[in-house]
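Working notes for the structure below.
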Amino acid sequence: RQIFESRSVAVVGASKDPFKAGHQVVRTLLAAGYLGKIYPVNPNEKEILGLPCYSSIAEIKEPLDLIVISLPAKAVITVMEEAEQRGNVKGVVVLSGGFAETAIPENVEAQRQLVEIAQRAGIRVFGPNCIGIMNPDLKLVTGFHPGVSLIPGNLGYVTQSGALGGSLVTLALSQPKPLGFARFGHVGNMCDVSHVDLIEAYGNNPKIEVIVVYLEGATDGREFMRVAGQVTEVKPVLVLKVGRSDIGSKAALSHTGMLAGTDAVYSGAFKQCGVVRANTVHDLIAGAKAISMLPKPRGNRVCILTEAGGMGVVSVDEVEAGGVLELAPMSQETCEKLTALLPPMAMVCKPNGYVDMSAAAMAKEFGDALRLVLSDPNVDMVVLNSIPPTFLPPMDVAQAIVPVVEEFGKPVAACFTVCQAMAETRCYLEENGIPTFDASDYAVRALAMLTQATFSVSHPLADVPAAHHPILDRAVREARHLLEPESLDLLSDNGVAVMPHVLARTREEAQRAAMEMNSPVALKIVSPQVIHKSDVGGVKLNLQGNEAVGQGYDQLMNDVKRATSAADIHGVLVVPMAQPGTELIVGMVRDAQFGPTIMFGMGGVFVELFKDVSFRVAPFDEEVALDMIKETKGYRVLQGMRGEKPKDITSLAELLVQVSQLAARYPQIKEIDLNPIRVYESGYSVLDARILLDAE
């Protein structure tokens with residue numbers, strides 16, 4: 001807060017050269033009309049842009065809140081030492097690059113020294129390698145992005161890219177009614193002030209109603225979730241997370257010096273802490289626009305009211321593809337009244353929730369149709385598409401619909417064709433609380449983000465103390481992963497239901513175990529060197545009776561020894577044959593940013609071909625587990641399709657919770673792979689279990 005409200009700024013490295021950053025910052029502050037004092041610092045100049053110039057910050061006798069440094073990296077350390085000696089500097093913005101982002105040892109060391117001095121002096125640092133902050137109330141701006149007007153508003157920007165962050169601001173300001181902002185912060189290398197710090201600060205700032213984040217990666221994903229989860233309880237957080245593809249991740253790595261992380265893990269983490277994710281720059285601003293301008297919806301049911309068929313079809317397609325909204329099931333009475341109101345060529349409630357008014361609709365029909373739609377209790381919001389023909393002035397349409405929207409207080413997003421003829425009309429609509437969008441799919445996605453921001457729930461990560469287990473302790477001492485029987489025993493000890501199993505070291509032990517199970521059995525090789533058992537003949541299925549089990553044991557051992565002569569064979573796992581069922585996979589990976597992360601998906605081709613999986617960060621509760629399951633396309637299969645009875649989704653959710661707690665409880669576990677799992681109308685069977693430990 002003190003930095004954003006700085007009443008004095010020293011620009012160290014100020015210059016008369018208009019092509020240098022130090023000149024640009026001073027000129028931008030002057031042009032913006034900064035309400036505080038500006039002190040250019042350059043030992044070689046007497047004045048810059050009409051302001052007296054100082055040889056160093058030590059020469060400035062007045063109080064100094066903020067320093068903006070535009071000097072080579074080595075010189076930055078000297079300025080930091082001078083700031084420490086002053087004792088009254090609140091913050092520093094380091095524009096200069098050439099620090100840890102280069103990965104050059106001496107530059108990394110320079111950044112470490114910078115942080116050490118700052119911590120010692122109690123100074124907060126933005127950067128290095130950043131353009132810093134903006135506060136429209138004070139006309140304070142430490143960067144020099146072209147086209148940014150300091151128009152106050154209710155948005156708060158957090159960005160890991162200065163150029164992209166500035167572009168977000170200018171895109172928001174270019175709307176028919178400019179979207180202003182309260183704060184802007186570019187964190188650069190995040191040697192001190194981070195995106196998490198800014199999200200937390202914005203959460204406590206009453207001037208900020210919507211937080212807009214451009215994120216390349218989180219250094220501490222769990223801390224991000226903790227802070228974001230608290231903030232989303234009181235105000236929306238919208239995030240554009242880049243690095244979704246493998247190539248994109250590598251680009252983010254080279255740009256910020258951090259790992260972008262697995263994109264699916266980020267998506268799961270965002271849902272867990274209530275963050276709304278946008279996939280494009282335009283969607284991010286469209287979502288912020290809808291949330292900052294519209295009332296909260298009562299539900300997710302949307303009516304598409306369109307005066308152009310093509311725009312309407314695009315809207316319906318986006319509703320279906322987005323998976324957040326659904327077409328409103330309007331009452332028969334509403335549909336009949338719309339049919340009576342509109343021309344015969346109009347398409348009403350085909351499908352329900354979709355109304356094509358046709359190009360014959362006049363301004364009165366627009367207003368009357370919108371009133372009928374909004375009065376239906378089954379309609380939570382409306383997308384209004386229009387391309388008023390040349391004989392119908394668009395302002396007439398706008399003036400007909402504004403009082404109707406005000407009457408009902410439900411969210412209405414308008415798509416009026418992008419052209420100069422519509423500019424005045426769009427501005428009028430936005431001044432009256434109706435956001436307009438360049439395309440109908442933007443409008444739908446904006447309402448979807450509004451809906452997510454309204455109904456998203458944050459699920460805090462539980463604090464599960466680390467624990468020891470004799471099976472894990474022994475494997476760690478021996479520097480190996482768990483054998484399958486050990487994995488099953490560990491799962492069982494932590495509440496996971498596993499099938500009866502016996503480790504047989506001889507032919508006779510296998511026969512005796514099969515006899516006691518009194519059912520057809522499967523035999524599986526147990527060896528740390530054999531990962532894919534079927535590839536080496538290490539699995540024999542559906543064996544029944546002493547002779548069959550004995551022969552199966554002999555053949556299995558011979559096949560494995562022939563295929564992998566060096567394998568250390570511990571024996572054969574004997575388990576009863578599982579009943580047929582729907583196959584699933586449950587896994588855990590220890591993500592670099594988020595720690596233990598659980599995966600759920602349908603087995604077989606679903607996971608391999610369609611990658612139909614969901615992720616959440618462990619540990620979590622049953623509500624999160626159910627969200628994971630419902631997120632997959634396979635959820636419909638579990639509900640029962642084509643005469644199949646529903647599967648035991650409740651027990652699957654319990655399994656996910658148990659695995660998440662196990663993963664959090666034992667930090668030495670690196671990966672868990674339960675694949676496949678078969679789920680039935682009641683219960684499930686874990687057919688195969690692998691648990692890998694951290695080599696360190």
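Convention: chains lettered A, B, ... in structure tokens order; per-chain residue numbering from 1; ligands numbered from 1 as shown.
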
Do you know which residues are at most 7 Å from region 495-504 of chain A counting only C-alpha atoms, after dropping those on the same chain fewer than 2 positions away, and could you put them as a PyMOL selection string? chain A and resi 485+488+491-493+506+509-510+513+571-575+655+658+685-686

DSSP-assigned strand (DSSP E) members of region 319-523 of chain A, reported as a list in words: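 Reading the DSSP output for region 319-523 of chain A, strand (DSSP E) covers Glu326, Leu327, Met347, Val348, Tyr354, Val355, Asp356, Met381, Val382, Val383, Leu384, Asn385, Ser386, Val412, Ala413, Ala414, Cys415, Phe416, Val502, Leu503, Ala504, Val521, Ala522 and Leu523 of chain A.
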
Emit the selected residues as a PDB file, in the first residue's frame, including C-alpha atoms.
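The new file selection-v7.pdb reads:
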ATOM      1  CA  GLU A 326     -27.196 -24.372 -20.173  1.00  0.00           C
ATOM      2  CA  LEU A 327     -30.054 -23.174 -22.352  1.00  0.00           C
ATOM      3  CA  MET A 347     -37.957 -19.459 -34.540  1.00  0.00           C
ATOM      4  CA  VAL A 348     -39.184 -19.651 -30.954  1.00  0.00           C
ATOM      5  CA  TYR A 354     -33.225 -20.160 -28.099  1.00  0.00           C
ATOM      6  CA  VAL A 355     -35.270 -17.414 -29.777  1.00  0.00           C
ATOM      7  CA  ASP A 356     -34.470 -16.175 -33.288  1.00  0.00           C
ATOM      8  CA  MET A 381     -29.380 -14.360 -17.947  1.00  0.00           C
ATOM      9  CA  VAL A 382     -29.632 -13.381 -21.605  1.00  0.00           C
ATOM     10  CA  VAL A 383     -27.292 -13.061 -24.562  1.00  0.00           C
ATOM     11  CA  LEU A 384     -28.813 -10.520 -26.948  1.00  0.00           C
ATOM     12  CA  ASN A 385     -27.460 -10.639 -30.506  1.00  0.00           C
ATOM     13  CA  SER A 386     -28.347  -7.936 -32.990  1.00  0.00           C
ATOM     14  CA  VAL A 412     -27.766  -9.219 -20.115  1.00  0.00           C
ATOM     15  CA  ALA A 413     -24.781  -9.308 -22.473  1.00  0.00           C
ATOM     16  CA  ALA A 414     -25.232  -7.687 -25.868  1.00  0.00           C
ATOM     17  CA  CYS A 415     -23.464  -8.420 -29.130  1.00  0.00           C
ATOM     18  CA  PHE A 416     -23.978  -5.592 -31.611  1.00  0.00           C
ATOM     19  CA  VAL A 502      -0.713 -63.468  -0.979  1.00  0.00           C
ATOM     20  CA  LEU A 503       2.965 -63.319  -1.917  1.00  0.00           C
ATOM     21  CA  ALA A 504       3.878 -66.893  -2.851  1.00  0.00           C
ATOM     22  CA  VAL A 521      -6.997 -66.581  -9.444  1.00  0.00           C
ATOM     23  CA  ALA A 522      -4.450 -64.442 -11.229  1.00  0.00           C
ATOM     24  CA  LEU A 523      -0.699 -64.868 -10.751  1.00  0.00           C
TER      25      LEU A 523
END

Distance CA of Ile598 (chain A)-CA of Val624 (chain A), one decimal place?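 Separation between CA of Ile598 (chain A) and CA of Val624 (chain A): 11.0 Å.
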
Spatial neighbours of Gln555 (chain A), 9 Å, only C-alpha atoms, chain gap at least 5 places, as a list of chain:residue names: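 The residues that qualify are A:Gly537, A:Lys540, A:Gly550, A:Val560.
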
Taking 6 positions as the minimum chain separation for residues in the same chain, which residues sit within 12 Å of Asp317 (chain A) when counting only C-alpha atoms? Answer as a PyMOL selection string. chain A and resi 304+310-311+323+325-327+354+440-442+444-445
